[in-house]
$ cat structure-v4.txt   # compact mmCIF, C-alpha atoms and all ligand atoms
# COMPACT_ATOMS: atom_id res chain seq x y z
CA MET A 1 292.33 37.95 90.98
CA PRO A 2 294.03 38.04 87.53
CA ARG A 3 292.79 41.60 86.81
CA PRO A 4 295.97 43.59 87.59
CA ALA A 5 298.14 41.18 85.57
CA ILE A 6 295.73 41.25 82.60
CA GLU A 7 295.60 45.04 82.68
CA LEU A 8 299.37 45.27 82.84
CA PHE A 9 299.63 42.90 79.88
CA ARG A 10 297.24 44.93 77.74
CA LYS A 11 298.80 48.25 78.67
CA THR A 12 302.34 47.01 78.03
CA PHE A 13 301.96 44.85 74.95
CA GLY A 14 298.78 46.27 73.41
CA THR A 15 297.27 42.78 72.99
CA ILE A 16 295.12 40.40 75.02
CA PRO A 17 296.69 37.56 77.05
CA ARG A 18 295.62 34.01 76.26
CA SER A 19 296.18 32.17 79.51
CA ALA A 20 296.53 32.93 83.20
CA ALA A 21 297.54 31.03 86.32
CA SER A 22 298.11 31.88 89.94
CA ALA A 23 300.20 30.26 92.67
CA PRO A 24 300.39 30.99 96.40
CA GLY A 25 303.17 32.07 98.70
CA ARG A 26 303.80 29.82 101.67
CA VAL A 27 304.87 29.72 105.27
CA ASN A 28 306.78 26.78 106.54
CA LEU A 29 305.43 25.72 109.93
CA ILE A 30 308.56 23.77 110.83
CA GLY A 31 311.51 22.07 109.13
CA GLU A 32 313.98 24.91 108.50
CA HIS A 33 316.91 24.17 106.20
CA THR A 34 315.96 20.51 106.14
CA ASP A 35 314.71 20.49 102.55
CA TYR A 36 318.02 20.58 100.70
CA ASN A 37 319.39 18.15 103.29
CA GLY A 38 316.86 15.48 102.33
CA GLY A 39 314.70 15.97 105.43
CA PRO A 40 311.02 16.81 105.99
CA VAL A 41 309.28 20.18 105.84
CA LEU A 42 305.75 21.16 106.85
CA PRO A 43 304.53 24.21 104.92
CA ILE A 44 301.06 25.66 104.28
CA ALA A 45 300.11 27.79 101.29
CA ILE A 46 298.89 31.29 102.15
CA ALA A 47 296.11 33.40 100.69
CA GLU A 48 298.53 35.83 98.99
CA ARG A 49 299.15 34.77 95.37
CA THR A 50 301.15 35.67 92.30
CA THR A 51 299.39 35.75 88.95
CA SER A 52 301.09 35.29 85.59
CA VAL A 53 299.31 35.97 82.31
CA VAL A 54 300.75 34.88 79.01
CA GLY A 55 300.23 35.60 75.33
CA PRO A 56 302.05 35.18 72.03
CA GLY A 57 305.37 36.98 71.51
CA PRO A 58 306.09 39.62 68.86
CA ALA A 59 304.70 38.54 65.46
CA ASP A 60 307.76 37.90 63.33
CA ALA A 61 310.23 36.74 65.98
CA SER A 62 310.92 33.29 67.38
CA GLY A 63 312.53 32.34 70.69
CA ILE A 64 311.77 35.73 72.25
CA LEU A 65 310.63 36.28 75.81
CA GLU A 66 309.21 39.62 76.87
CA THR A 67 308.46 40.17 80.54
CA VAL A 68 306.86 42.82 82.69
CA SER A 69 305.85 42.81 86.35
CA THR A 70 303.90 45.27 88.48
CA ARG A 71 306.98 45.18 90.72
CA TYR A 72 309.48 45.80 87.90
CA PRO A 73 307.61 47.81 85.26
CA THR A 74 310.43 48.00 82.68
CA VAL A 75 309.94 45.52 79.84
CA THR A 76 312.75 43.01 79.40
CA ARG A 77 313.30 41.28 76.09
CA VAL A 78 315.61 38.28 75.69
CA ARG A 79 316.37 35.35 73.45
CA TRP A 80 315.79 32.87 76.24
CA GLN A 81 317.54 29.93 74.57
CA GLU A 82 320.75 31.92 74.11
CA GLU A 83 321.04 34.14 77.16
CA LEU A 84 319.78 34.09 80.70
CA PRO A 85 318.66 37.60 81.60
CA THR A 86 319.80 39.22 84.83
CA GLY A 87 317.12 40.00 87.40
CA TRP A 88 313.74 38.43 87.84
CA SER A 89 313.18 37.51 84.17
CA ALA A 90 315.74 34.74 84.67
CA TYR A 91 313.07 32.78 86.58
CA VAL A 92 310.76 32.91 83.57
CA ALA A 93 313.55 32.13 81.10
CA GLY A 94 314.47 29.13 83.28
CA VAL A 95 310.83 28.01 83.26
CA LEU A 96 310.76 28.21 79.46
CA ARG A 97 313.94 26.18 79.15
CA GLU A 98 312.51 23.47 81.37
CA LEU A 99 309.09 23.47 79.70
CA TRP A 100 310.90 23.07 76.40
CA THR A 101 312.15 19.64 77.56
CA PHE A 102 308.47 18.62 77.95
CA GLY A 103 307.57 20.04 74.56
CA ALA A 104 305.30 22.38 76.49
CA ILE A 105 306.09 25.71 74.82
CA PRO A 106 304.09 27.35 72.03
CA PRO A 107 305.26 26.93 68.42
CA GLY A 108 308.08 29.37 67.67
CA GLY A 109 308.86 29.63 71.36
CA SER A 110 308.00 33.31 71.73
CA VAL A 111 305.93 34.48 74.68
CA ARG A 112 304.99 37.62 76.52
CA ILE A 113 304.25 37.45 80.22
CA ALA A 114 302.89 39.94 82.72
CA VAL A 115 303.08 39.30 86.45
CA ALA A 116 301.19 40.78 89.39
CA SER A 117 301.74 39.63 92.93
CA GLU A 118 300.38 39.94 96.44
CA VAL A 119 303.31 38.00 97.86
CA PRO A 120 305.92 40.35 99.33
CA VAL A 121 309.40 39.81 97.86
CA GLY A 122 312.19 38.62 100.10
CA ALA A 123 310.01 38.33 103.21
CA GLY A 124 310.50 34.57 103.45
CA LEU A 125 307.10 33.85 101.91
CA SER A 126 308.52 32.34 98.73
CA SER A 127 307.61 34.96 96.19
CA SER A 128 310.10 33.32 93.85
CA ALA A 129 308.28 29.97 93.71
CA ALA A 130 304.89 31.71 93.45
CA LEU A 131 306.36 33.43 90.40
CA SER A 132 307.98 30.41 88.76
CA VAL A 133 305.08 28.02 89.44
CA SER A 134 302.43 30.44 88.17
CA ALA A 135 304.57 31.22 85.13
CA ALA A 136 305.10 27.51 84.40
CA LYS A 137 301.37 26.80 84.59
CA ALA A 138 300.36 29.83 82.51
CA ILE A 139 302.92 29.12 79.76
CA ALA A 140 302.13 25.39 79.64
CA THR A 141 298.42 26.17 79.43
CA PHE A 142 299.03 28.67 76.63
CA ALA A 143 301.00 25.95 74.80
CA GLY A 144 298.07 23.55 75.19
CA ALA A 145 300.09 21.16 77.39
CA THR A 146 298.73 19.44 80.47
CA LEU A 147 301.38 18.95 83.12
CA THR A 148 300.64 17.41 86.51
CA PRO A 149 301.14 19.58 89.60
CA ARG A 150 304.24 17.48 90.32
CA GLN A 151 305.64 18.25 86.89
CA ILE A 152 304.90 21.96 87.29
CA ALA A 153 306.75 21.87 90.61
CA GLY A 154 309.70 20.12 88.95
CA VAL A 155 309.87 22.67 86.13
CA ALA A 156 309.77 25.56 88.60
CA TYR A 157 312.35 23.95 90.88
CA ARG A 158 314.85 23.37 88.11
CA ALA A 159 314.25 26.88 86.76
CA GLU A 160 315.21 28.38 90.10
CA HIS A 161 317.90 25.90 91.06
CA ASP A 162 319.63 25.04 87.79
CA HIS A 163 319.10 28.23 85.78
CA VAL A 164 318.79 31.15 88.22
CA GLY A 165 321.33 29.43 90.45
CA VAL A 166 319.65 29.72 93.87
CA ARG A 167 320.54 26.53 95.67
CA CYS A 168 317.02 26.11 97.08
CA GLY A 169 315.35 22.84 98.02
CA VAL A 170 312.13 21.48 96.53
CA MET A 171 309.77 22.74 99.24
CA ASP A 172 308.70 26.08 97.82
CA GLN A 173 307.77 24.89 94.37
CA THR A 174 306.11 21.73 95.73
CA ILE A 175 303.79 23.50 98.17
CA ALA A 176 302.98 26.23 95.61
CA SER A 177 301.86 23.43 93.27
CA LEU A 178 300.32 20.74 95.52
CA ALA A 179 298.82 22.68 98.44
CA LYS A 180 295.28 22.09 99.66
CA ARG A 181 293.23 24.53 101.67
CA ASP A 182 293.23 23.99 105.46
CA ARG A 183 295.94 21.37 105.10
CA ALA A 184 299.63 21.49 105.88
CA LEU A 185 301.86 19.45 103.60
CA LEU A 186 304.35 17.09 105.17
CA LEU A 187 306.92 16.72 102.42
CA GLU A 188 309.84 14.34 102.72
CA CYS A 189 312.33 16.04 100.45
CA ALA A 190 314.49 12.98 99.76
CA SER A 191 311.68 10.65 98.65
CA LEU A 192 309.22 13.44 97.73
CA ALA A 193 306.54 11.53 99.66
CA VAL A 194 303.74 13.86 100.73
CA GLN A 195 300.98 13.78 103.30
CA HIS A 196 298.23 16.37 103.70
CA ILE A 197 297.55 17.11 107.38
CA PRO A 198 294.51 19.10 108.61
CA PHE A 199 295.56 22.53 109.84
CA ARG A 200 293.06 24.95 111.29
CA ALA A 201 295.07 26.71 113.98
CA ARG A 202 295.33 30.44 114.46
CA LEU A 203 298.57 31.67 113.03
CA MET A 204 300.01 35.15 112.63
CA LEU A 205 302.79 36.27 110.39
CA VAL A 206 305.12 38.96 111.66
CA ASP A 207 307.23 40.57 108.93
CA THR A 208 310.26 42.21 110.50
CA GLY A 209 310.80 44.32 107.38
CA VAL A 210 314.41 43.16 107.26
CA LYS A 211 314.91 42.04 103.65
CA HIS A 212 316.80 38.93 102.76
CA ASP A 213 317.97 38.08 99.28
CA LEU A 214 318.65 34.38 99.01
CA SER A 215 320.48 34.68 95.73
CA ALA A 216 323.01 36.80 97.70
CA GLY A 217 325.04 34.12 99.42
CA SER A 218 324.19 33.08 102.99
CA LEU A 219 322.01 30.19 101.87
CA ASN A 220 324.63 28.91 99.45
CA GLU A 221 327.24 29.10 102.23
CA ARG A 222 325.09 26.94 104.51
CA ARG A 223 324.54 24.44 101.74
CA ALA A 224 328.25 24.17 101.19
CA GLU A 225 328.76 23.56 104.92
CA CYS A 226 326.12 20.81 104.90
CA GLU A 227 327.79 19.16 101.93
CA ALA A 228 331.15 19.33 103.66
CA ALA A 229 329.57 17.71 106.74
CA VAL A 230 328.15 14.84 104.67
CA LYS A 231 331.54 14.30 103.03
CA ARG A 232 333.20 13.88 106.43
CA LEU A 233 330.35 11.81 107.88
CA LYS A 234 330.73 9.34 105.03
CA PHE A 235 333.88 8.13 106.79
CA GLU A 236 331.58 7.06 109.64
CA LEU A 237 328.64 5.91 107.56
CA PRO A 238 329.69 5.30 103.93
CA GLU A 239 326.16 4.91 102.62
CA LEU A 240 325.03 8.31 103.96
CA MET A 241 323.38 10.27 101.14
CA TRP A 242 321.70 13.12 102.97
CA LEU A 243 322.65 14.93 106.15
CA ALA A 244 319.06 14.54 107.40
CA SER A 245 319.41 10.73 107.18
CA TRP A 246 322.01 10.64 109.95
CA PRO A 247 320.40 8.61 112.81
CA VAL A 248 319.30 10.97 115.56
CA HIS A 249 320.48 8.55 118.30
CA TRP A 250 324.01 8.84 116.90
CA LEU A 251 324.38 12.53 117.68
CA PRO A 252 327.39 11.99 120.00
CA ARG A 253 329.22 10.25 117.16
CA LEU A 254 328.34 13.04 114.75
CA LYS A 255 329.64 15.64 117.20
CA ARG A 256 332.96 13.81 117.55
CA ALA A 257 333.35 13.51 113.79
CA LEU A 258 332.80 17.15 112.85
CA PRO A 259 334.67 20.38 113.61
CA GLU A 260 332.84 23.67 114.08
CA PRO A 261 330.93 25.20 112.38
CA LEU A 262 329.99 21.97 110.57
CA ARG A 263 329.06 20.35 113.90
CA SER A 264 326.49 22.99 114.82
CA ARG A 265 324.99 23.04 111.33
CA ALA A 266 324.65 19.24 111.30
CA VAL A 267 323.18 19.02 114.80
CA HIS A 268 320.54 21.53 113.72
CA VAL A 269 319.63 19.56 110.60
CA VAL A 270 319.43 16.18 112.36
CA GLY A 271 317.50 17.63 115.32
CA GLU A 272 315.15 19.62 113.10
CA THR A 273 314.42 16.51 111.06
CA ALA A 274 313.25 14.61 114.14
CA ARG A 275 311.32 17.64 115.41
CA THR A 276 309.48 18.12 112.12
CA ARG A 277 308.29 14.52 111.86
CA PHE A 278 307.16 14.63 115.49
CA ALA A 279 305.45 17.98 114.90
CA ALA A 280 303.48 16.53 111.98
CA GLU A 281 302.28 13.71 114.22
CA LEU A 282 301.25 16.13 116.96
CA LEU A 283 299.42 18.29 114.44
CA ALA A 284 297.53 15.30 113.07
CA ARG A 285 296.46 14.48 116.64
CA GLY A 286 295.50 18.07 117.41
CA LYS A 287 298.09 18.47 120.17
CA MET A 288 298.64 22.16 119.57
CA LYS A 289 300.39 22.97 122.82
CA GLN A 290 303.16 20.44 122.24
CA PHE A 291 303.25 21.37 118.57
CA GLY A 292 303.84 24.99 119.58
CA GLN A 293 306.63 23.99 121.91
CA LEU A 294 308.48 22.43 119.00
CA LEU A 295 308.22 25.74 117.11
CA TYR A 296 310.08 27.47 119.94
CA GLU A 297 312.71 24.74 119.95
CA SER A 298 313.13 25.02 116.21
CA HIS A 299 313.72 28.76 116.48
CA GLU A 300 316.33 28.28 119.17
CA SER A 301 318.15 25.73 117.04
CA CYS A 302 318.08 28.08 114.02
CA ARG A 303 319.43 30.91 116.12
CA ARG A 304 322.14 29.10 118.04
CA LEU A 305 323.23 26.25 115.77
CA TYR A 306 322.38 27.24 112.21
CA ALA A 307 323.07 30.96 112.84
CA CYS A 308 320.32 32.01 110.44
CA SER A 309 318.25 34.25 112.70
CA ALA A 310 318.37 38.03 113.05
CA PRO A 311 317.99 40.15 116.21
CA GLU A 312 314.62 41.41 114.96
CA LEU A 313 313.32 37.83 114.63
CA ASP A 314 314.60 36.94 118.11
CA THR A 315 312.80 39.99 119.54
CA VAL A 316 309.52 38.84 117.98
CA VAL A 317 309.82 35.25 119.21
CA ALA A 318 310.82 36.27 122.75
CA ALA A 319 307.93 38.76 122.98
CA ALA A 320 305.46 36.16 121.71
CA LYS A 321 306.64 33.67 124.29
CA ARG A 322 306.38 36.16 127.15
CA ALA A 323 302.85 37.04 126.02
CA GLY A 324 301.78 33.39 126.19
CA ALA A 325 301.70 32.38 122.51
CA LEU A 326 301.70 28.62 121.93
CA GLY A 327 304.74 28.79 119.70
CA ALA A 328 306.80 31.05 117.45
CA ARG A 329 309.76 30.80 115.13
CA LEU A 330 311.45 32.35 112.13
CA THR A 331 310.26 30.95 108.83
CA GLY A 332 311.50 30.99 105.25
CA ALA A 333 315.26 30.54 105.78
CA GLY A 334 315.83 33.46 108.16
CA TRP A 335 318.48 36.22 108.08
CA GLY A 336 315.53 38.61 108.25
CA GLY A 337 312.11 38.15 106.74
CA ALA A 338 309.23 36.86 108.80
CA ALA A 339 308.33 34.88 111.91
CA ILE A 340 305.19 32.84 112.52
CA VAL A 341 303.33 32.95 115.81
CA LEU A 342 300.84 30.31 116.87
CA VAL A 343 298.22 31.89 119.13
CA ARG A 344 295.43 30.68 121.37
CA GLU A 345 291.73 31.05 120.76
CA ARG A 346 290.98 32.39 124.21
CA GLY A 347 292.58 33.49 127.48
CA ARG A 348 296.20 34.54 127.70
CA GLY A 349 298.10 34.32 124.42
CA THR A 350 295.29 35.27 122.01
CA GLY A 351 296.21 36.94 118.72
CA GLU A 352 295.31 40.44 119.83
CA ARG A 353 297.28 40.36 123.05
CA VAL A 354 300.30 38.70 121.53
CA ALA A 355 300.34 41.14 118.60
CA LYS A 356 300.21 44.06 121.03
CA ALA A 357 303.12 42.67 123.02
CA ILE A 358 305.20 42.07 119.89
CA ARG A 359 304.53 45.59 118.59
CA SER A 360 305.53 47.13 121.87
CA ALA A 361 308.74 45.10 122.26
CA PHE A 362 309.71 45.76 118.66
CA ARG A 363 309.05 49.49 118.96
CA LYS A 364 311.17 49.67 122.08
CA ALA A 365 314.09 47.94 120.36
CA TYR A 366 313.92 49.35 116.83
CA GLY A 367 311.74 52.47 116.97
CA ARG A 368 309.22 51.09 114.46
CA GLU A 369 306.51 48.44 114.28
CA PRO A 370 306.54 45.20 112.27
CA ASP A 371 303.73 44.24 109.92
CA ILE A 372 301.51 41.65 111.62
CA ARG A 373 298.75 39.79 109.82
CA PRO A 374 296.70 36.64 110.26
CA VAL A 375 297.67 33.73 108.02
CA LYS A 376 294.90 32.16 105.97
CA SER A 377 295.63 28.92 104.20
CA SER A 378 294.88 28.41 100.53
CA ALA A 379 295.22 25.93 97.67
CA GLY A 380 298.07 25.48 95.20
CA VAL A 381 298.51 26.50 91.57
CA ARG A 382 295.41 26.94 89.40
CA THR A 383 294.53 28.39 86.06
CA GLU A 384 292.58 31.64 86.07
CA ARG A 385 290.14 33.06 83.54
CA VAL A 386 291.38 35.60 81.04
P1 LIG B 1 311.48 34.85 98.55
O1 LIG B 1 311.67 34.36 99.93
O2 LIG B 1 310.47 35.94 98.47
O3 LIG B 1 311.22 33.74 97.56
P2 LIG B 1 313.86 35.06 96.95
O4 LIG B 1 315.13 35.85 97.13
O5 LIG B 1 313.94 33.58 96.84
O6 LIG B 1 312.90 35.51 98.13
O7 LIG B 1 313.11 35.54 95.63
C1 LIG B 1 312.84 36.89 95.38
C2 LIG B 1 313.03 37.16 93.89
O8 LIG B 1 311.96 36.55 93.12
C3 LIG B 1 312.96 38.63 93.53
O9 LIG B 1 314.22 39.25 93.73
C4 LIG B 1 312.56 38.58 92.06
O10 LIG B 1 313.68 38.30 91.26
C5 LIG B 1 311.62 37.37 92.01
N1 LIG B 1 310.21 37.79 92.16
C6 LIG B 1 309.35 37.45 93.13
N2 LIG B 1 308.12 37.98 92.94
C7 LIG B 1 308.20 38.71 91.81
C8 LIG B 1 307.27 39.52 91.07
N3 LIG B 1 306.00 39.71 91.48
N4 LIG B 1 307.71 40.10 89.94
C9 LIG B 1 308.97 39.92 89.52
N5 LIG B 1 309.88 39.19 90.18
C10 LIG B 1 309.52 38.58 91.31
MG MG B 2 312.51 32.08 97.15
$ encode --input "structure-v4.txt" --output "structure tokens"
Amino acid sequence: MPRPAIELFRKTFGTIPRSAASAPGRVNLIGEHTDYNGGPVLPIAIAERTTSVVGPGPADASGILETVSTRYPTVTRVRWQEELPTGWSAYVAGVLRELWTFGAIPPGGSVRIAVASEVPVGAGLSSSAALSVSAAKAIATFAGATLTPRQIAGVAYRAEHDHVGVRCGVMDQTIASLAKRDRALLLECASLAVQHIPFRARLMLVDTGVKHDLSAGSLNERRAECEAAVKRLKFELPELMWLASWPVHWLPRLKRALPEPLRSRAVHVVGETARTRFAAELLARGKMKQFGQLLYESHESCRRLYACSAPELDTVVAAAKRAGALGARLTGAGWGGAAIVLVRERGRGTGERVAKAIRSAFRKAYGREPDIRPVKSSAGVRTERV
């Protein structure tokens, strides 16, 4: 697994790396845009991983970060304490700044890092957290520090949120760190309580090929709307901290209190919060048909209320439903990217039949076919041999 990253390191820097770590991408089964609203999410880690390998920086310099990635082969060199680089190296610089607060960087603070990834960028599979979590683990290991998976997640989260400036929630970094194989992770984002729930269903991932770039703006706009909604709802419920904490049986009151588009955004978040907790219960009890139904409902709410779908995603979900899939929805924030489809083991709605139907509907609408692949679950961050 770490081969391509090690080779890239040697080719680029002419030396041998000293530590390596990998972290997975993820798909979120349900709980869309609930994370930064203090609600629950239910992701699984996927088999595709990002590997970071790390070694000492240039001999005579201190505080230098040099980066290279198979995706971006030009070497970037920055003084990470003084400037935040533009582009992807900012994630690594952010990780270094956060590790520094733990005393978990090597003496002198210079590092070189090479990155190789199987996680597609901008497809909603959280390539950014796979990068920042694997980088955090590899750098901490190189520094001889032992951080818990929770601490690694925290470092990666603050790197992305506070330094790069993507107003993401804690889900991506948490699942990339804490995931277990064949388990979904119910994560309550306000309390950070977690529960591992057995997940062995057949799931497909349909990548529409429509790229989203979350540092571009739509996500930050939704976050601002949610904050504005909480501000207004505090007149109704002064102790309200998170939008997701609004009581679901008070929806009529919420609707009266908010103008559009805040109303629609808030109804999505409160509804999705209830749906996600119920979905986790159904999953734990093996009620896959009802679980799948909630996936369809979640997609509809994303499309209509949160306005974060895309026509290509709607085409995939509608085709899956017509072909008898148990459930389908956009995943990973939306505005493009991927959808998940829950399929049956036999009869109508098996993977093969549903995939065929999706391909054909997509081709008819857009003149090309989406990438469809089975999702295999995997475990969270781990060190690799160098
Ligand atoms: P995603 O849903 O894939 O996380 P984001 O927009 O949050 O989408 O993050 C994508 C960004 O993460 C890329 O633009 C790049 O800056 C960084 N990134 C992800 N994977 C890699 C990689 N293998 N090498 C370099 N940068 C990466
Ligand atoms: Mg991301």
$ atom_distance --input "structure-v4.txt" --atom1 "CA of Leu42 (chain A)" --atom2 "atom C1 of ligand LIG 1 (chain B)"
20.7 Å
$ closest_residue --input "structure-v4.txt" --among "A:Val248, A:Leu192, A:Val210, A:Ala333" --to "ligand LIG 1 (chain B)" --atoms "only C-alpha atoms and all ligand atoms"
A:Ala333
$ residues_near_ligand --input "structure-v4.txt" --ligand "ligand LIG 1 (chain B)" --cutoff "10 Å" --atoms "all atoms listed in the file" --output "NGL selection string"
:A and (5 or 25-27 or 49-52 or 67-73 or 86-92 or 114-132 or 160 or 164 or 166-168 or 172 or 211-216 or 331-334 or 337-338)
$ axis_aligned_box --input "structure-v4.txt" --around "region 310-321 of chain A" --padding-each-side "6 Å" --output "AutoDock Vina command-line options"
--center_x 311.9 --center_y 37.5 --center_z 118.7 --size_x 24.9 --size_y 19.7 --size_z 23.2
$ residues_around --input "structure-v4.txt" --residues "Thr350 (chain A)" --least-positions-apart "6" --cutoff "8 Å" --atoms "only C-alpha atoms" --output "number ranges by chain"
A: 324-325, 343-344
$ closest_residue --input "structure-v4.txt" --among "A:Ala159, A:Leu326, A:Ala93, A:Leu294" --to "ligand MG 2 (chain B)" --atoms "all atoms listed in the file"
A:Ala159
$ atom_distance --input "structure-v4.txt" --atom1 "CA of Pro2 (chain A)" --atom2 "CA of Ala379 (chain A)"
15.8 Å
$ atom_distance --input "structure-v4.txt" --atom1 "CA of Thr15 (chain A)" --atom2 "CA of Arg97 (chain A)"
24.3 Å
$ residues_around --input "structure-v4.txt" --residues "region 199-205 of chain A" --least-positions-apart "2" --cutoff "8 Å" --atoms "only C-alpha atoms" --output "number ranges by chain"
A: 182-184, 197, 207, 283, 338-345, 351, 372-376
$ closest_residue --input "structure-v4.txt" --among "A:Thr383, A:Thr174, A:Ser19, A:Thr34" --to "Val53 (chain A)" --atoms "all atoms listed in the file"
A:Ser19
$ closest_residue --input "structure-v4.txt" --among "A:Ala47, A:Cys302, A:Met171, A:Ala357" --to "ligand MG 2 (chain B)" --atoms "all atoms listed in the file"
A:Met171
$ residues_around --input "structure-v4.txt" --residues "Arg304 (chain A)" --least-positions-apart "3" --cutoff "10 Å" --atoms "all atoms listed in the file" --output "list in words"
Ser264, Arg265, His268, His299, Glu300, Ser301, Ala307, Cys308 and Ser309 of chain A
$ closest_residue --input "structure-v4.txt" --among "A:Thr74, A:Gln173, A:Thr146, A:Gln81" --to "ligand MG 2 (chain B)" --atoms "only C-alpha atoms and all ligand atoms"
A:Gln173
$ residues_around --input "structure-v4.txt" --residues "Ala361 (chain A)" --least-positions-apart "5" --cutoff "8 Å" --atoms "all atoms listed in the file" --output "CSV table (one decimal) with C-alpha atoms, in the coordinates of the input"
chain,number,residue,atom,x,y,z
A,315,THR,CA,312.8,40.0,119.5
A,316,VAL,CA,309.5,38.8,118.0
A,319,ALA,CA,307.9,38.8,123.0
$ closest_residue --input "structure-v4.txt" --among "A:Pro106, A:Gly169, A:Pro149, A:Pro4" --to "ligand MG 2 (chain B)" --atoms "all atoms listed in the file"
A:Gly169
$ residues_near_point --input "structure-v4.txt" --point "(309.4, 23.7, 75.4)" --cutoff "12 Å" --atoms "all atoms listed in the file" --output "ChimeraX atom specification"
/A:63,80-81,93-111,136,139-145,155
$ residues_around --input "structure-v4.txt" --residues "region 233-241 of chain A" --least-positions-apart "3" --cutoff "8 Å" --atoms "only C-alpha atoms" --output "PDB file with C-alpha atoms, in the frame of the given file"
ATOM      1  CA  ALA A 229     329.570  17.710 106.740  1.00  0.00           C
ATOM      2  CA  VAL A 230     328.150  14.840 104.670  1.00  0.00           C
ATOM      3  CA  SER A 245     319.410  10.730 107.180  1.00  0.00           C
ATOM      4  CA  TRP A 246     322.010  10.640 109.950  1.00  0.00           C
ATOM      5  CA  LEU A 254     328.340  13.040 114.750  1.00  0.00           C
ATOM      6  CA  ALA A 257     333.350  13.510 113.790  1.00  0.00           C
ATOM      7  CA  LEU A 258     332.800  17.150 112.850  1.00  0.00           C
TER       8      LEU A 258
END
